[in-house]
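Student: Mind looking over this structure? Questions follow.
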Amino acid sequence: DLAVATAFITPALRKICLPFVPATTAQLQNVLKMLQGRSGSLVDIGSGDGRVVIAAAKQGFQAVGYELNPWLVWYSRYRAWREGVHQETTFHMSDLWKVTFSQYMNVVIFGVPQMMPELERKLQMELQDNARVIACRFPFPHWVPDHTTGEGVDTVWMYESYTFRKRFINTVSEVRDRTST
């Protein structure tokens, strides 16, 4: 039993340690609330046991999860099969820093504060203008959320890519204007 538990709890060695902490029921409901009216592709970065991917697939999304822990990837695939959504889900064992997210219209991340600045830059460069990013547990450091729901650990921040891109372009323009005068 200890060997099985260790495989699920011990994170893989990586630049920033992301331990597996399952989403609460309230967090999952808040994520789904932020996805209302949306469709298309969805990616859960650090998908853990697959619960976000599986819930999104049940809502009609073609959902993909990226996870470093091979045991969690296999468990997620099993859960998707057991819950009847294995055709609508895909789980990859991969490092998020080696994946391009440009093809996804909906991005979900349960991150840690240490990774959010670098991930913010990565997503800002890669995502299309109509993408939506949902951050759970910790917000992005520089983006201003378009909407927030939940309280405490169950708080979810939603960001529209056209909003954070517009703010970024305005900031760059302001800096350029100040330095050229």
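Residues are referred to by chain and number: the chain letter is A, B, ... according to the order shown in the structure tokens, the number counts from 1 in that chain, and ligands are numbered separately from 1 in the order shown.
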Running DSSP on the backbone, which parts of chain A land in alpha helix (DSSP H), as a VMD selection string?

Tutor: chain A and resid 2 to 9 25 to 34 51 to 58 70 to 82 116 to 126 161 to 180

Student: When DSSP works through the backbone of this structure, what residues of range 4-152 of chain A end up as strand (DSSP E), shown as a list in words?

Tutor: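 Of range 4-152 of chain A, only Ser41, Leu42, Val43, Asp44, Ile45, Gln62, Ala63, Val64, Gly65, Tyr66, Glu67, Thr89, Thr90, Phe91, His92, Met93, Asn106, Val107, Val108, Ile109, Phe110, Arg132, Val133, Ile134, Ala135, Cys136, His147, Thr148 and Thr149 of chain A fall in strand (DSSP E).
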
Student: Which of these, A:Val21, A:Ala80, A:Val99, A:Met34, has the shortest distance to Glu160 in chain A once you count only C-alpha atoms?

Tutor: A:Met34

Student: Rank nothing, just name the residue among A:Phe110, A:Ala131, A:Leu96, A:Ala57 nearest to Asp154 in chain A, using only C-alpha atoms.

Tutor: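 When distances to Asp154 in chain A are compared using only C-alpha atoms, the smallest one comes from A:Phe110.
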
Student: In Å, with one decimal, what is the gap from CA of Pro19 in chain A to CA of Phe61 in chain A?

Tutor: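 These two atoms are separated by 26.0 Å.
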
Student: Between CA of Ser41 in chain A and CA of Ala135 in chain A, what is the distance in Å, rounded to a tenth?

Tutor: 16.6 Å

Student: With distances taken over only C-alpha atoms, which of A:Ala23, A:Val133, A:Val108, A:Leu68 is nearest to His92 in chain A?

Tutor: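 Answer, going by the shortest atom-to-atom distance: A:Leu68.
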
Student: If we count only C-alpha atoms and set the cut-off at 6 Å, which residues sit around range 45-56 of chain A, ignoring sequence neighbours fewer than 2 positions away in its own chain? Please answer as a list in words.

Tutor: Lys58, Gln59, Phe61, Ala63, Gly65, Tyr66, Glu67, Leu72, Ser76 and Ile109 of chain A

Student: For each of A:Ala26, A:Val73, A:Ile134, A:Val153, take the minimum atom-to-atom distance to Met105 in chain A, counting only C-alpha atoms, then give the residue where this is smallest.

Tutor: A:Ile134

Student: So which residues touch Met158 in chain A within 12 Å, counting only C-alpha atoms, skipping near sequence neighbours fewer than 2 positions away, as JSON, numbers by chain?

Tutor: {"A": [30, 31, 32, 33, 34, 35, 36, 106, 107, 108, 109, 131, 132, 133, 134, 135, 136, 137, 138, 139, 140, 143, 144, 145, 146, 147, 148, 149, 150, 155, 156, 160, 161, 163, 164]}
